[in-house]
Amino acid sequence: MNNKIKEFRARYNLTQEDLAKKVNVRRETIVFLEKNKYNPSLKLAYDLAQVFSVNIEELFIFENLNENE
Amino acid sequence: MKKSFIIVLVALLILGSTAVWLFSTGANIKPMDLLHFGVIFLVVVFALFLGYKRWTSEKRGEPTEDELSKKVLQKTAAISYYISLYFWVFLLWLKDRIEFDSDELLGTGILGMALTFGISWLIIHYKGLANE
């Protein structure tokens with residue numbers, strides 16, 4: 001799963017620390033999310049989408065990992 | 001703040017009491033004692049590192065724990081438990097081949113578990129938890 005958090009964060013002129021405070025996580029979690037090293041819970045994904053006023057699908061790109069199924 | 005302070009205090013107390021224990025034995029320091037002290041030192045450094053991370057998060061006004069840190073901790077606990085089972089089997093195998101008294105065996109086992117936990121945490125923490 002990829003995401004556009006970094007892109008949206010730049011658009012809203014937010015630092016990683018600002019975004020972390022808005023969604024009540026540590027800055028490190030935002031770093032991991034931006035590097036695609038962590039898939040957030042549905043709640044965190046929803047909170048992030050709320051901050052950027054977009055749908056979850058616009059912020060997170062779901063790839064079909066099992067195309068044959 | 002209180003929890004971070006307690007972590008640091010306990011870590012320093014462990015290090016201090018270990019140093020007192022080690023140096024009160026005088027000239028009878030065995031290589032195994034030095035190994036134990038080295039591992040305890042690493043565990044304390046790890047605890048201080050975690051305490052420092054918590055303190056900096058608190059200072060920035062962020063939560064000290066969040067969903068990522070909890071998931072990392074859960075996975076670390078699961079993996080280190082699994083590895084520890086094999087570690088104890090290895091120690092029991094080693095006991096029949098090398099002279100070990102029961103205190104040394106237990107001490108080595110417990111410190112090995114702590115070391116396994118620390119190493120697992122570092123690997124999982126820096127590798128991340130993508131697609132899980």
# chains A, B, ... in the order shown; residues from 1 in each chain; ligands from 1

call {"tool": "interface_residues", "arguments": {"of": "chain B", "to": "chain A", "cutoff": "12 Å", "atoms": "only C-alpha atoms", "output": "compact mmCIF listing (two decimals) with N, CA and C atoms, in the first residue's frame"}}
result
# COMPACT_ATOMS: atom_id res chain seq x y z
N LYS B 53 13.70 8.37 24.42
CA LYS B 53 12.71 8.52 23.33
C LYS B 53 11.36 8.99 23.89
N ARG B 54 10.96 8.37 24.99
CA ARG B 54 9.69 8.75 25.62
C ARG B 54 9.73 10.21 26.09
N TRP B 55 10.86 10.57 26.68
CA TRP B 55 11.01 11.93 27.22
C TRP B 55 10.94 12.97 26.10
N THR B 56 11.62 12.69 24.97
CA THR B 56 11.60 13.67 23.87
C THR B 56 10.18 13.78 23.27
N SER B 57 9.47 12.64 23.21
CA SER B 57 8.08 12.68 22.71
C SER B 57 7.22 13.54 23.63
N GLU B 58 7.39 13.36 24.93
CA GLU B 58 6.63 14.14 25.91
C GLU B 58 6.94 15.63 25.78
N LYS B 59 8.23 15.90 25.57
CA LYS B 59 8.67 17.29 25.46
C LYS B 59 8.04 17.99 24.25
N ARG B 60 7.87 17.20 23.16
CA ARG B 60 7.27 17.77 21.95
C ARG B 60 5.75 17.85 22.03
N GLY B 61 5.19 17.32 23.10
CA GLY B 61 3.74 17.33 23.26
C GLY B 61 3.06 16.21 22.51
N GLU B 62 3.82 15.16 22.15
CA GLU B 62 3.24 14.01 21.44
C GLU B 62 2.94 12.90 22.45
N PRO B 63 2.08 11.94 22.06
CA PRO B 63 1.88 10.81 22.98
C PRO B 63 3.16 9.97 23.06
N THR B 64 3.40 9.36 24.21
CA THR B 64 4.62 8.55 24.36
C THR B 64 4.46 7.19 23.70
N GLU B 65 3.23 6.76 23.55
CA GLU B 65 2.94 5.48 22.88
C GLU B 65 1.85 5.72 21.86
N ASP B 66 1.95 5.08 20.73
CA ASP B 66 0.86 5.14 19.76
C ASP B 66 0.72 3.78 19.10
N GLU B 67 -0.11 3.70 18.06
CA GLU B 67 -0.39 2.37 17.49
C GLU B 67 0.85 1.71 16.89
N LEU B 68 1.75 2.49 16.31
CA LEU B 68 2.96 1.89 15.73
C LEU B 68 3.86 1.32 16.83
N SER B 69 4.08 2.11 17.88
CA SER B 69 4.98 1.63 18.95
C SER B 69 4.39 0.39 19.63
N LYS B 70 3.06 0.35 19.78
CA LYS B 70 2.42 -0.82 20.40
C LYS B 70 2.54 -2.05 19.51
N LYS B 71 2.37 -1.86 18.19
CA LYS B 71 2.48 -3.00 17.27
C LYS B 71 3.91 -3.53 17.22
N VAL B 72 4.88 -2.60 17.24
CA VAL B 72 6.30 -3.00 17.24
C VAL B 72 6.59 -3.83 18.49
N ILE B 124 12.96 -4.82 14.20
CA ILE B 124 11.57 -4.54 13.79
C ILE B 124 11.31 -3.04 13.74
N HIS B 125 11.86 -2.31 14.71
CA HIS B 125 11.64 -0.87 14.76
C HIS B 125 12.20 -0.17 13.52
N TYR B 126 13.40 -0.55 13.12
CA TYR B 126 14.02 0.15 11.98
C TYR B 126 13.59 -0.42 10.63
N LYS B 127 13.12 -1.67 10.62
CA LYS B 127 12.65 -2.27 9.37
C LYS B 127 11.23 -1.81 9.05
N GLY B 128 10.45 -1.55 10.08
CA GLY B 128 9.07 -1.13 9.89
C GLY B 128 8.12 -2.30 9.81
N LEU B 129 6.83 -2.00 9.67
CA LEU B 129 5.81 -3.05 9.66
C LEU B 129 4.92 -2.87 8.43
N ALA B 130 5.53 -2.87 7.26
CA ALA B 130 4.75 -2.65 6.04
C ALA B 130 4.02 -3.93 5.63
N ASN B 131 2.83 -3.75 5.07
CA ASN B 131 2.02 -4.86 4.54
C ASN B 131 1.81 -5.99 5.55
N GLU B 132 1.51 -5.63 6.77
CA GLU B 132 1.21 -6.65 7.79
C GLU B 132 -0.14 -6.40 8.38

call {"tool": "residues_around", "arguments": {"residues": "B:Leu50", "least_positions_apart": "5", "cutoff": "9 Å", "atoms": "only C-alpha atoms", "output": "PyMOL selection string"}}
result
chain B and resi 4+7-8+45+55

call {"tool": "residues_around", "arguments": {"residues": "A:Arg11", "least_positions_apart": "6", "cutoff": "12 Å", "atoms": "only C-alpha atoms", "output": "ChimeraX atom specification"}}
result
/A:4-5,51-53

call {"tool": "write_last_selection", "arguments": {"atoms": "N, CA and C atoms", "output": "PDB file, in the first residue's frame"}}
result
ATOM      1  N   LYS A   4      -0.091   9.158  -0.199  1.00  0.00           N
ATOM      2  CA  LYS A   4       0.304  10.494  -0.659  1.00  0.00           C
ATOM      3  C   LYS A   4       0.397  11.473   0.514  1.00  0.00           C
ATOM      4  N   ILE A   5       0.736  10.945   1.675  1.00  0.00           N
ATOM      5  CA  ILE A   5       0.767  11.804   2.877  1.00  0.00           C
ATOM      6  C   ILE A   5       1.765  12.949   2.718  1.00  0.00           C
ATOM      7  N   VAL A  51      -7.859  15.265   8.153  1.00  0.00           N
ATOM      8  CA  VAL A  51      -6.970  16.434   8.238  1.00  0.00           C
ATOM      9  C   VAL A  51      -6.819  17.080   6.854  1.00  0.00           C
ATOM     10  N   PHE A  52      -6.704  16.240   5.825  1.00  0.00           N
ATOM     11  CA  PHE A  52      -6.498  16.770   4.472  1.00  0.00           C
ATOM     12  C   PHE A  52      -7.815  16.944   3.700  1.00  0.00           C
ATOM     13  N   SER A  53      -8.920  16.703   4.360  1.00  0.00           N
ATOM     14  CA  SER A  53     -10.262  16.832   3.755  1.00  0.00           C
ATOM     15  C   SER A  53     -10.404  16.046   2.455  1.00  0.00           C
TER      16      SER A  53
END

call {"tool": "residues_around", "arguments": {"residues": "B:Ile79", "least_positions_apart": "5", "cutoff": "12 Å", "atoms": "only C-alpha atoms", "output": "MDAnalysis selection string"}}
result
chainID B and resid 72:74 84:86 113 116:121 123:124

call {"tool": "write_last_selection", "arguments": {"atoms": "C-alpha atoms", "output": "PDB file, in the first residue's frame"}}
result
ATOM      1  CA  VAL B  72       6.296  -3.001  17.239  1.00  0.00           C
ATOM      2  CA  LEU B  73       6.269  -4.059  20.886  1.00  0.00           C
ATOM      3  CA  GLN B  74       3.727  -6.834  20.244  1.00  0.00           C
ATOM      4  CA  SER B  84      13.985 -17.670  23.478  1.00  0.00           C
ATOM      5  CA  LEU B  85      12.466 -21.164  23.370  1.00  0.00           C
ATOM      6  CA  TYR B  86      15.275 -22.284  21.058  1.00  0.00           C
ATOM      7  CA  MET B 113      16.196 -13.420  26.608  1.00  0.00           C
ATOM      8  CA  THR B 116      17.025 -11.260  22.157  1.00  0.00           C
ATOM      9  CA  PHE B 117      14.221  -8.840  22.994  1.00  0.00           C
ATOM     10  CA  GLY B 118      16.457  -5.806  22.481  1.00  0.00           C
ATOM     11  CA  ILE B 119      17.879  -7.016  19.168  1.00  0.00           C
ATOM     12  CA  SER B 120      14.408  -8.021  17.882  1.00  0.00           C
ATOM     13  CA  TRP B 121      13.041  -4.604  18.851  1.00  0.00           C
ATOM     14  CA  ILE B 123      15.375  -4.845  13.848  1.00  0.00           C
ATOM     15  CA  ILE B 124      11.568  -4.543  13.793  1.00  0.00           C
TER      16      ILE B 124
END

call {"tool": "select_by_dssp", "arguments": {"residues": "chain B", "states": "alpha helix (DSSP H)", "output": "VMD selection string"}}
result
chain B and resid 2 to 24 31 to 59 67 to 95 102 to 127

call {"tool": "atom_distance", "arguments": {"atom1": "atom CA of B:Phe41", "atom2": "atom CA of B:Ser80"}}
result
19.2 Å

call {"tool": "atom_distance", "arguments": {"atom1": "atom CA of A:Phe62", "atom2": "atom CA of A:Ala45"}}
result
12.3 Å

call {"tool": "closest_residue", "arguments": {"among": "B:Leu92, B:Leu48, B:Asn28, B:Phe37", "to": "B:Val10", "atoms": "only C-alpha atoms"}}
result
B:Leu48

call {"tool": "residues_around", "arguments": {"residues": "B:Ala11", "least_positions_apart": "6", "cutoff": "10 Å", "atoms": "only C-alpha atoms", "output": "number ranges by chain"}}
result
B: 5, 40-41, 43-48, 51

call {"tool": "write_last_selection", "arguments": {"atoms": "N, CA and C atoms", "output": "short mmCIF file (atom, residue, chain, number, x, y, z; two decimals), in the first residue's frame"}}
result
data_model
loop_
_atom_site.label_atom_id
_atom_site.label_comp_id
_atom_site.auth_asym_id
_atom_site.auth_seq_id
_atom_site.Cartn_x
_atom_site.Cartn_y
_atom_site.Cartn_z
N PHE B 5 10.98 8.94 33.89
CA PHE B 5 11.89 9.12 35.02
C PHE B 5 12.11 7.78 35.74
N ILE B 40 24.20 -6.96 30.80
CA ILE B 40 23.38 -6.08 31.65
C ILE B 40 23.59 -4.63 31.24
N PHE B 41 24.84 -4.28 30.94
CA PHE B 41 25.15 -2.91 30.51
C PHE B 41 24.38 -2.58 29.22
N VAL B 43 21.58 -3.97 28.15
CA VAL B 43 20.15 -3.89 28.47
C VAL B 43 19.82 -2.54 29.10
N VAL B 44 20.71 -2.07 29.98
CA VAL B 44 20.49 -0.77 30.63
C VAL B 44 20.58 0.37 29.60
N VAL B 45 21.55 0.28 28.71
CA VAL B 45 21.68 1.30 27.65
C VAL B 45 20.40 1.33 26.81
N PHE B 46 19.88 0.15 26.51
CA PHE B 46 18.64 0.04 25.73
C PHE B 46 17.47 0.71 26.48
N ALA B 47 17.38 0.44 27.80
CA ALA B 47 16.31 1.03 28.62
C ALA B 47 16.45 2.55 28.65
N LEU B 48 17.70 3.03 28.78
CA LEU B 48 17.93 4.49 28.79
C LEU B 48 17.53 5.11 27.45
N GLY B 51 13.83 5.31 27.42
CA GLY B 51 13.42 6.40 28.31
C GLY B 51 13.63 7.75 27.65
#

call {"tool": "residues_around", "arguments": {"residues": "B:Leu111", "least_positions_apart": "3", "cutoff": "9 Å", "atoms": "only C-alpha atoms", "output": "MDAnalysis selection string"}}
result
chainID B and resid 36 39:40 43 106:108 114:116

call {"tool": "select_by_dssp", "arguments": {"residues": "chain A", "states": "strand (DSSP E)", "output": "ChimeraX atom specification"}}
result
/A:2-3,60-61
